[in-house]
>>> print(open('coords.cif').read())   # mmCIF, C-alpha atoms and all ligand atoms
data_structure
loop_
_atom_site.label_atom_id
_atom_site.label_comp_id
_atom_site.auth_asym_id
_atom_site.auth_seq_id
_atom_site.Cartn_x
_atom_site.Cartn_y
_atom_site.Cartn_z
CA MET R 1469 46.26 66.52 61.17
CA SER R 1470 48.10 65.52 64.37
CA LEU R 1471 48.70 67.25 67.69
CA LEU R 1472 51.46 67.21 70.31
CA ARG R 1473 51.15 68.56 73.85
CA ASP R 1474 54.33 68.78 75.92
CA ASN R 1475 55.98 66.96 73.01
CA GLN R 1476 53.69 63.98 73.54
CA PRO R 1477 51.32 62.81 70.78
CA VAL R 1478 47.77 63.63 71.85
CA LEU R 1479 46.01 63.29 68.47
CA HIS R 1480 47.44 60.83 65.96
CA ASP R 1481 47.11 61.62 62.30
CA PHE R 1482 43.49 61.62 61.06
CA THR R 1483 41.32 63.71 58.78
CA VAL R 1484 37.73 64.79 59.45
CA ARG R 1485 35.42 67.10 57.60
CA LEU R 1486 32.63 68.34 59.84
CA THR R 1487 29.61 69.49 57.85
CA GLU R 1488 26.63 68.11 59.80
CA HIS R 1489 24.45 70.41 61.87
CA ARG R 1490 24.92 68.66 65.23
CA ILE R 1491 27.98 66.57 65.93
CA GLY R 1492 28.73 64.78 69.21
CA LEU R 1493 32.21 63.93 70.44
CA VAL R 1494 32.66 61.01 72.84
CA GLY R 1495 35.60 59.16 74.33
CA ASN R 1496 37.17 58.27 77.64
CA ASN R 1497 39.06 60.72 79.86
CA GLY R 1498 42.27 61.78 78.18
CA SER R 1499 41.23 60.52 74.73
CA GLY R 1500 41.78 63.97 73.20
CA LYS R 1501 38.29 65.48 72.93
CA SER R 1502 39.06 68.85 74.55
CA SER R 1503 42.36 69.02 72.68
CA LEU R 1504 40.57 68.44 69.37
CA VAL R 1505 38.06 71.25 69.91
CA ARG R 1506 40.81 73.60 71.08
CA LEU R 1507 42.32 73.29 67.62
CA LEU R 1508 39.22 75.04 66.31
CA ASN R 1509 39.84 78.38 67.94
CA GLY R 1510 43.59 78.43 67.63
CA LEU R 1511 44.29 77.80 71.33
CA LEU R 1512 46.25 74.75 70.13
CA GLN R 1513 47.91 74.24 66.77
CA PRO R 1514 48.44 71.00 64.87
CA ALA R 1515 51.92 69.48 64.65
CA THR R 1516 51.16 68.26 61.13
CA GLY R 1517 48.37 69.05 58.70
CA SER R 1518 45.94 71.92 58.99
CA VAL R 1519 42.61 72.98 60.48
CA ARG R 1520 40.02 75.17 58.79
CA VAL R 1521 36.77 76.64 60.07
CA GLY R 1522 34.93 77.75 56.96
CA ASP R 1523 37.76 79.27 54.98
CA GLN R 1524 39.53 80.60 58.06
CA ASP R 1525 42.71 79.26 59.64
CA PRO R 1526 42.41 79.17 63.46
CA SER R 1527 46.18 79.52 63.78
CA ASP R 1528 45.60 83.19 62.90
CA GLY R 1529 44.79 83.40 66.62
CA PRO R 1530 41.85 83.14 69.03
CA GLU R 1531 40.90 86.81 68.55
CA SER R 1532 40.20 86.41 64.85
CA MET R 1533 38.21 83.21 65.51
CA ALA R 1534 35.96 84.72 68.18
CA SER R 1535 33.28 85.66 65.69
CA GLN R 1536 33.50 82.24 63.96
CA VAL R 1537 33.57 79.78 66.86
CA GLY R 1538 31.85 80.17 70.22
CA PHE R 1539 32.89 78.00 73.17
CA ILE R 1540 30.70 76.97 76.11
CA PHE R 1541 32.46 75.08 78.88
CA GLN R 1542 31.32 72.90 81.76
CA ASN R 1543 31.79 75.44 84.50
CA PRO R 1544 30.29 78.88 83.88
CA ASP R 1545 32.37 80.33 86.72
CA HIS R 1546 35.46 79.79 84.56
CA GLN R 1547 33.91 81.77 81.75
CA LEU R 1548 32.05 84.62 83.43
CA ILE R 1549 34.37 87.43 84.45
CA PHE R 1550 32.27 90.60 84.52
CA PRO R 1551 29.99 91.93 87.27
CA THR R 1552 26.80 92.19 85.23
CA VAL R 1553 25.05 90.16 82.54
CA GLN R 1554 25.14 93.03 80.06
CA GLU R 1555 28.89 93.48 80.49
CA GLU R 1556 29.38 89.77 79.80
CA LEU R 1557 27.42 90.10 76.58
CA THR R 1558 29.07 93.29 75.35
CA PHE R 1559 32.70 92.34 76.03
CA GLY R 1560 33.19 90.13 72.95
CA LEU R 1561 31.30 92.54 70.73
CA LYS R 1562 33.53 95.45 71.75
CA ASN R 1563 36.56 93.25 70.99
CA LEU R 1564 35.10 92.76 67.52
CA GLY R 1565 35.24 96.53 67.09
CA LEU R 1566 31.65 97.53 67.87
CA SER R 1567 31.23 100.81 69.72
CA ARG R 1568 29.99 100.66 73.30
CA SER R 1569 26.47 101.78 72.29
CA GLU R 1570 26.29 99.35 69.34
CA ALA R 1571 27.45 96.51 71.60
CA GLU R 1572 24.92 97.42 74.28
CA SER R 1573 22.02 97.61 71.89
CA ARG R 1574 22.95 94.22 70.35
CA ALA R 1575 23.27 92.69 73.84
CA GLN R 1576 19.89 94.08 74.85
CA ALA R 1577 18.31 92.78 71.64
CA CYS R 1578 19.76 89.33 72.39
CA LEU R 1579 18.38 89.38 75.94
CA ARG R 1580 14.99 90.53 74.61
CA GLU R 1581 14.95 87.78 71.99
CA HIS R 1582 15.46 85.20 74.74
CA GLU R 1583 12.97 86.89 77.09
CA ARG R 1584 15.64 87.86 79.59
CA GLU R 1585 15.68 91.66 79.12
CA ASP R 1586 15.35 92.12 82.87
CA TRP R 1587 18.72 90.40 83.33
CA ALA R 1588 20.83 93.20 81.80
CA ASP R 1589 21.87 94.80 85.08
CA ARG R 1590 21.70 91.68 87.23
CA PRO R 1591 24.92 90.84 89.05
CA VAL R 1592 26.21 87.59 87.59
CA HIS R 1593 27.06 86.25 91.06
CA SER R 1594 23.38 86.42 92.02
CA LEU R 1595 22.37 83.92 89.32
CA SER R 1596 21.94 80.18 89.80
CA GLU R 1597 24.29 77.74 88.05
CA GLY R 1598 21.74 77.08 85.31
CA GLN R 1599 21.11 80.81 84.83
CA LYS R 1600 24.86 81.42 84.63
CA GLN R 1601 25.16 78.73 81.99
CA LEU R 1602 22.39 80.51 80.06
CA VAL R 1603 24.42 83.73 80.25
CA CYS R 1604 27.44 81.86 78.84
CA ILE R 1605 25.30 80.60 75.99
CA LEU R 1606 23.84 84.06 75.31
CA ALA R 1607 27.33 85.58 75.40
CA VAL R 1608 28.25 83.15 72.62
CA LEU R 1609 25.01 83.59 70.65
CA VAL R 1610 25.29 87.38 70.65
CA MET R 1611 28.54 87.00 68.68
CA GLN R 1612 26.64 85.06 65.97
CA PRO R 1613 29.39 82.48 65.41
CA GLN R 1614 28.94 79.89 62.66
CA LEU R 1615 30.02 77.06 64.98
CA ILE R 1616 29.22 76.55 68.67
CA VAL R 1617 31.45 74.17 70.61
CA LEU R 1618 30.14 72.81 73.90
CA ASP R 1619 32.55 71.00 76.21
CA GLU R 1620 30.46 69.07 78.77
CA PRO R 1621 28.12 72.03 79.20
CA PHE R 1622 25.28 70.43 81.13
CA SER R 1623 26.88 68.22 83.74
CA ALA R 1624 26.28 70.62 86.64
CA LEU R 1625 22.68 71.31 85.70
CA ASP R 1626 19.47 69.78 87.00
CA LEU R 1627 17.42 67.72 84.55
CA PRO R 1628 14.73 70.35 83.72
CA THR R 1629 17.39 72.98 82.99
CA ARG R 1630 19.46 70.46 81.03
CA TRP R 1631 16.48 69.43 78.88
CA HIS R 1632 15.41 73.04 78.38
CA LEU R 1633 18.89 74.05 77.22
CA LEU R 1634 19.24 70.97 75.06
CA ASP R 1635 15.93 71.70 73.29
CA TRP R 1636 17.06 75.23 72.81
CA MET R 1637 20.45 74.22 71.43
CA HIS R 1638 18.77 71.91 68.95
CA SER R 1639 16.62 74.78 67.68
CA LEU R 1640 19.65 76.94 66.85
CA PRO R 1641 20.62 77.38 63.21
CA GLN R 1642 24.33 77.24 64.05
CA GLN R 1643 26.45 74.14 63.70
CA LEU R 1644 27.00 72.46 67.09
CA LEU R 1645 29.92 70.33 68.19
CA MET R 1646 29.30 68.92 71.66
CA ILE R 1647 31.52 66.85 73.94
CA SER R 1648 29.52 64.74 76.36
CA HIS R 1649 29.87 61.75 78.64
CA ASP R 1650 26.06 61.66 78.89
CA LEU R 1651 25.36 59.56 75.81
CA ASP R 1652 21.58 60.06 76.09
CA THR R 1653 21.98 63.74 75.21
CA LEU R 1654 23.60 62.76 71.90
CA THR R 1655 21.07 60.26 70.54
CA ASP R 1656 19.34 62.85 68.32
CA PHE R 1657 22.57 64.22 66.88
CA ASP R 1658 23.45 63.84 63.21
CA ARG R 1659 26.90 62.36 63.67
CA ILE R 1660 29.13 61.06 66.46
CA LEU R 1661 32.92 61.03 66.57
CA TRP R 1662 34.47 58.57 69.02
CA LEU R 1663 38.03 59.24 70.10
CA GLU R 1664 40.22 56.63 71.74
CA ASP R 1665 43.80 57.36 72.77
CA GLY R 1666 43.97 60.24 70.30
CA ARG R 1667 42.71 58.14 67.38
CA LEU R 1668 39.35 58.22 65.66
CA ARG R 1669 37.90 54.87 66.72
CA GLY R 1670 34.38 55.53 65.37
CA ASP R 1671 32.63 58.03 63.14
CA GLY R 1672 29.02 57.75 62.05
CA HIS R 1673 25.38 57.81 63.04
CA PRO R 1674 24.54 57.79 66.80
CA ASN R 1675 22.58 54.53 66.34
CA ASP R 1676 25.83 52.83 65.32
CA ILE R 1677 28.50 54.63 67.30
CA LEU R 1678 26.86 55.13 70.72
CA PRO R 1679 26.05 51.43 71.35
CA ALA R 1680 29.55 50.46 70.17
CA TYR R 1681 31.15 52.99 72.52
CA ARG R 1682 28.90 51.92 75.40
CA GLU R 1683 29.87 48.30 74.79
CA ALA R 1684 33.57 49.18 74.75
CA CYS R 1685 33.14 51.05 78.06
CA ARG R 1686 31.49 47.98 79.61
CA GLY R 1687 34.54 45.96 78.68
CA GLN R 1688 36.72 48.46 80.52
CA GLU R 1689 34.69 48.56 83.76
CA GLY R 1690 36.82 48.41 86.86
CA ARG R 1691 40.01 49.26 84.97
CA LEU R 1692 41.57 52.52 86.18
N1 LIG G 1701 47.57 71.44 79.35
C1 LIG G 1701 48.06 70.27 78.92
N2 LIG G 1701 49.38 70.10 78.73
C2 LIG G 1701 49.89 68.94 78.30
N3 LIG G 1701 49.13 67.85 78.04
C3 LIG G 1701 47.81 67.96 78.22
C4 LIG G 1701 47.21 69.16 78.68
N4 LIG G 1701 45.87 68.97 78.77
C5 LIG G 1701 45.67 67.69 78.40
N5 LIG G 1701 46.82 67.09 78.07
C6 LIG G 1701 46.99 65.71 77.63
O1 LIG G 1701 46.33 65.55 76.39
C7 LIG G 1701 45.68 64.26 76.36
C8 LIG G 1701 44.24 64.49 75.94
O2 LIG G 1701 43.62 65.30 76.94
P1 LIG G 1701 42.20 65.99 76.68
O3 LIG G 1701 41.97 66.94 77.80
O4 LIG G 1701 42.15 66.48 75.29
O5 LIG G 1701 41.25 64.71 76.83
P2 LIG G 1701 39.69 64.64 76.97
O6 LIG G 1701 39.24 63.55 76.06
O7 LIG G 1701 39.07 65.99 76.76
O8 LIG G 1701 39.53 64.17 78.49
P3 LIG G 1701 38.37 64.45 79.59
O9 LIG G 1701 37.20 63.58 79.21
O10 LIG G 1701 39.03 63.97 80.85
O11 LIG G 1701 38.06 65.90 79.60
C9 LIG G 1701 45.86 63.63 77.72
O12 LIG G 1701 46.89 62.68 77.62
C10 LIG G 1701 46.31 64.76 78.61
O13 LIG G 1701 47.22 64.32 79.56
#
>>> encode(input="coords.cif", output="structure tokens")
Amino acid sequence: MSLLRDNQPVLHDFTVRLTEHRIGLVGNNGSGKSSLVRLLNGLLQPATGSVRVGDQDPSDGPESMASQVGFIFQNPDHQLIFPTVQEELTFGLKNLGLSRSEAESRAQACLREHEREDWADRPVHSLSEGQKQLVCILAVLVMQPQLIVLDEPFSALDLPTRWHLLDWMHSLPQQLLMISHDLDTLTDFDRILWLEDGRLRGDGHPNDILPAYREACRGQEGRL
């Protein structure tokens, strides 16, 4: 699979099969991490080769992938668009074809399961950054996707919230694919992919890949 953006090569031809439960994605700015994960929900399409999530082709369009892949981004304000928490949680479900009452009862069950039932009618703007990020995560979980993609999700959060969310993410049954520049959050993962200039420079266990990446970064210190 390879990818062009604005006719420029962004991912050079490589093949990966992602089966592990928790996979980390590291690499310098511009190495292609966000582009790679955007292939998974059909927001971008490969120039050559193909992408599959389960047996589904993301190029069928983001709508059909919404129940398969959930995305959580760095800044919750870019993701949260509705006035209340419940509306955030029901939007995707209604797009999947659930009736309003079915969507609301599933959203309320999700809030109850995560001990946040009192949040249903809370205005999203009244929540803290960490609480908003929790809403983003719940809005993804309520869709029950098989894969959750996190693109630098914790960088704005304080350490207790970050650790709490990280513990929680690890307890989820879903497959996780997480981009992070904070290598410490990836040490317990099952596999790390290291992208460099759109190529797969490393792929393996965190004990092997993270020190190698850290070492390579040291060699680049001061170079902009
Ligand atoms: N919207 C876009 N249009 C055209 N090219 C883009 C676009 N977004 C990113 N690129 C290019 O794609 C390449 C990879 O960018 P990408 O955002 O995937 O990197 P990244 O590893 O996620 O970086 P970062 O760590 O800074 O988020 C870069 O050369 C970048 O200039």
>>> axis_aligned_box(input="coords.cif", around="ligand LIG 1701 (chain G)", padding_each_side="5 Å", output="AutoDock Vina command-line options")
--center_x 43.5 --center_y 67.1 --center_z 78.1 --size_x 22.7 --size_y 18.8 --size_z 15.6
>>> closest_residue(input="coords.cif", among="R:Ile1605, R:Val1478, R:Leu1579, R:Leu1504", to="R:Asn1543", atoms="all atoms listed in the file")
R:Ile1605
>>> residues_around(input="coords.cif", residues="R:Asp1635", least_positions_apart="6", cutoff="12 Å", atoms="all atoms listed in the file", output="ChimeraX atom specification")
/R:1628-1629,1653-1654,1656-1657
>>> residues_around(input="coords.cif", residues="R:Thr1558", least_positions_apart="2", cutoff="8 Å", atoms="all atoms listed in the file", output="PyMOL selection string")
chain R and resi 1554-1556+1560-1562+1568+1571-1572+1574-1575+1607
>>> closest_residue(input="coords.cif", among="R:Glu1620, R:Asp1650, R:Glu1689, R:Asp1528", to="ligand LIG 1701 (chain G)", atoms="all atoms listed in the file")
R:Glu1620
>>> closest_residue(input="coords.cif", among="R:Gln1476, R:Gln1614, R:Ser1596, R:Ser1499", to="R:Phe1539", atoms="only C-alpha atoms")
R:Gln1614
>>> closest_residue(input="coords.cif", among="R:Thr1483, R:Asn1675, R:Gln1599, R:Asn1496", to="R:Leu1633", atoms="only C-alpha atoms")
R:Gln1599
>>> residues_near_ligand(input="coords.cif", ligand="ligand LIG 1701 (chain G)", cutoff="6 Å", atoms="all atoms listed in the file", output="PyMOL selection string")
chain R and resi 1473-1474+1478+1495-1503
>>> write_last_selection(input="coords.cif", atoms="C-alpha atoms", output="short mmCIF file (atom, residue, chain, number, x, y, z; two decimals), in the frame of the given file")
data_model
loop_
_atom_site.label_atom_id
_atom_site.label_comp_id
_atom_site.auth_asym_id
_atom_site.auth_seq_id
_atom_site.Cartn_x
_atom_site.Cartn_y
_atom_site.Cartn_z
CA ARG R 1473 51.15 68.56 73.85
CA ASP R 1474 54.33 68.78 75.92
CA VAL R 1478 47.77 63.63 71.85
CA GLY R 1495 35.60 59.16 74.33
CA ASN R 1496 37.17 58.27 77.64
CA ASN R 1497 39.06 60.72 79.86
CA GLY R 1498 42.27 61.78 78.18
CA SER R 1499 41.23 60.52 74.73
CA GLY R 1500 41.78 63.97 73.20
CA LYS R 1501 38.29 65.48 72.93
CA SER R 1502 39.06 68.85 74.55
CA SER R 1503 42.36 69.02 72.68
#
>>> atom_distance(input="coords.cif", atom1="atom CA of R:Leu1625", atom2="atom CA of R:Trp1662")
24.1 Å
>>> atom_distance(input="coords.cif", atom1="atom CA of R:Ser1518", atom2="atom CA of R:Ser1470")
8.6 Å
>>> closest_residue(input="coords.cif", among="R:Glu1664, R:Asp1619, R:Asp1626, R:Asp1525", to="R:Ala1684", atoms="only C-alpha atoms")
R:Glu1664
>>> closest_residue(input="coords.cif", among="R:Leu1566, R:Ile1540, R:Leu1472, R:Leu1606", to="R:Glu1583", atoms="only C-alpha atoms")
R:Leu1606
>>> atom_distance(input="coords.cif", atom1="atom CA of R:Asp1523", atom2="atom CA of R:His1638")
24.7 Å
>>> residues_around(input="coords.cif", residues="R:Gln1642", least_positions_apart="4", cutoff="12 Å", atoms="only C-alpha atoms", output="NGL selection string")
:R and (1487-1491 or 1536-1538 or 1608-1609 or 1611-1617 or 1636-1638)
>>> decode(input="coords.cif", residues="stretch 1626-1644 of chain R", atoms="N, CA and C atoms", output="PDB file, in the first residue's frame")
ATOM      1  N   ASP R1626      -3.905  16.374  32.358  1.00  0.00           N
ATOM      2  CA  ASP R1626      -2.991  16.269  33.492  1.00  0.00           C
ATOM      3  C   ASP R1626      -2.655  14.795  33.748  1.00  0.00           C
ATOM      4  N   LEU R1627      -1.617  14.559  34.554  1.00  0.00           N
ATOM      5  CA  LEU R1627      -1.133  13.183  34.712  1.00  0.00           C
ATOM      6  C   LEU R1627      -2.171  12.238  35.320  1.00  0.00           C
ATOM      7  N   PRO R1628      -2.910  12.647  36.401  1.00  0.00           N
ATOM      8  CA  PRO R1628      -3.892  11.701  36.946  1.00  0.00           C
ATOM      9  C   PRO R1628      -4.942  11.306  35.909  1.00  0.00           C
ATOM     10  N   THR R1629      -5.427  12.302  35.141  1.00  0.00           N
ATOM     11  CA  THR R1629      -6.454  11.995  34.140  1.00  0.00           C
ATOM     12  C   THR R1629      -5.867  11.106  33.050  1.00  0.00           C
ATOM     13  N   ARG R1630      -4.627  11.426  32.652  1.00  0.00           N
ATOM     14  CA  ARG R1630      -3.958  10.643  31.608  1.00  0.00           C
ATOM     15  C   ARG R1630      -3.811   9.189  32.057  1.00  0.00           C
ATOM     16  N   TRP R1631      -3.355   8.983  33.302  1.00  0.00           N
ATOM     17  CA  TRP R1631      -3.146   7.610  33.781  1.00  0.00           C
ATOM     18  C   TRP R1631      -4.474   6.887  33.911  1.00  0.00           C
ATOM     19  N   HIS R1632      -5.490   7.623  34.410  1.00  0.00           N
ATOM     20  CA  HIS R1632      -6.815   7.009  34.562  1.00  0.00           C
ATOM     21  C   HIS R1632      -7.328   6.535  33.204  1.00  0.00           C
ATOM     22  N   LEU R1633      -7.244   7.422  32.210  1.00  0.00           N
ATOM     23  CA  LEU R1633      -7.754   7.064  30.877  1.00  0.00           C
ATOM     24  C   LEU R1633      -6.932   5.942  30.249  1.00  0.00           C
ATOM     25  N   LEU R1634      -5.636   5.980  30.501  1.00  0.00           N
ATOM     26  CA  LEU R1634      -4.767   4.950  29.926  1.00  0.00           C
ATOM     27  C   LEU R1634      -5.114   3.581  30.517  1.00  0.00           C
ATOM     28  N   ASP R1635      -5.302   3.539  31.852  1.00  0.00           N
ATOM     29  CA  ASP R1635      -5.701   2.271  32.496  1.00  0.00           C
ATOM     30  C   ASP R1635      -6.996   1.778  31.895  1.00  0.00           C
ATOM     31  N   TRP R1636      -7.890   2.723  31.711  1.00  0.00           N
ATOM     32  CA  TRP R1636      -9.210   2.382  31.197  1.00  0.00           C
ATOM     33  C   TRP R1636      -9.107   1.843  29.762  1.00  0.00           C
ATOM     34  N   MET R1637      -8.310   2.525  28.950  1.00  0.00           N
ATOM     35  CA  MET R1637      -8.145   2.079  27.566  1.00  0.00           C
ATOM     36  C   MET R1637      -7.576   0.660  27.519  1.00  0.00           C
ATOM     37  N   HIS R1638      -6.624   0.392  28.429  1.00  0.00           N
ATOM     38  CA  HIS R1638      -6.018  -0.937  28.432  1.00  0.00           C
ATOM     39  C   HIS R1638      -7.028  -2.016  28.796  1.00  0.00           C
ATOM     40  N   SER R1639      -8.058  -1.635  29.567  1.00  0.00           N
ATOM     41  CA  SER R1639      -9.030  -2.646  30.012  1.00  0.00           C
ATOM     42  C   SER R1639     -10.081  -2.935  28.934  1.00  0.00           C
ATOM     43  N   LEU R1640     -10.080  -2.165  27.862  1.00  0.00           N
ATOM     44  CA  LEU R1640     -11.115  -2.355  26.834  1.00  0.00           C
ATOM     45  C   LEU R1640     -10.850  -3.602  26.003  1.00  0.00           C
ATOM     46  N   PRO R1641     -11.909  -4.294  25.595  1.00  0.00           N
ATOM     47  CA  PRO R1641     -11.695  -5.475  24.756  1.00  0.00           C
ATOM     48  C   PRO R1641     -11.315  -5.126  23.318  1.00  0.00           C
ATOM     49  N   GLN R1642     -11.628  -3.894  22.897  1.00  0.00           N
ATOM     50  CA  GLN R1642     -11.376  -3.526  21.501  1.00  0.00           C
ATOM     51  C   GLN R1642      -9.890  -3.428  21.175  1.00  0.00           C
ATOM     52  N   GLN R1643      -9.585  -3.599  19.900  1.00  0.00           N
ATOM     53  CA  GLN R1643      -8.222  -3.379  19.440  1.00  0.00           C
ATOM     54  C   GLN R1643      -7.927  -1.877  19.454  1.00  0.00           C
ATOM     55  N   LEU R1644      -6.744  -1.503  19.948  1.00  0.00           N
ATOM     56  CA  LEU R1644      -6.359  -0.084  20.023  1.00  0.00           C
ATOM     57  C   LEU R1644      -5.164   0.176  19.120  1.00  0.00           C
TER      58      LEU R1644
END
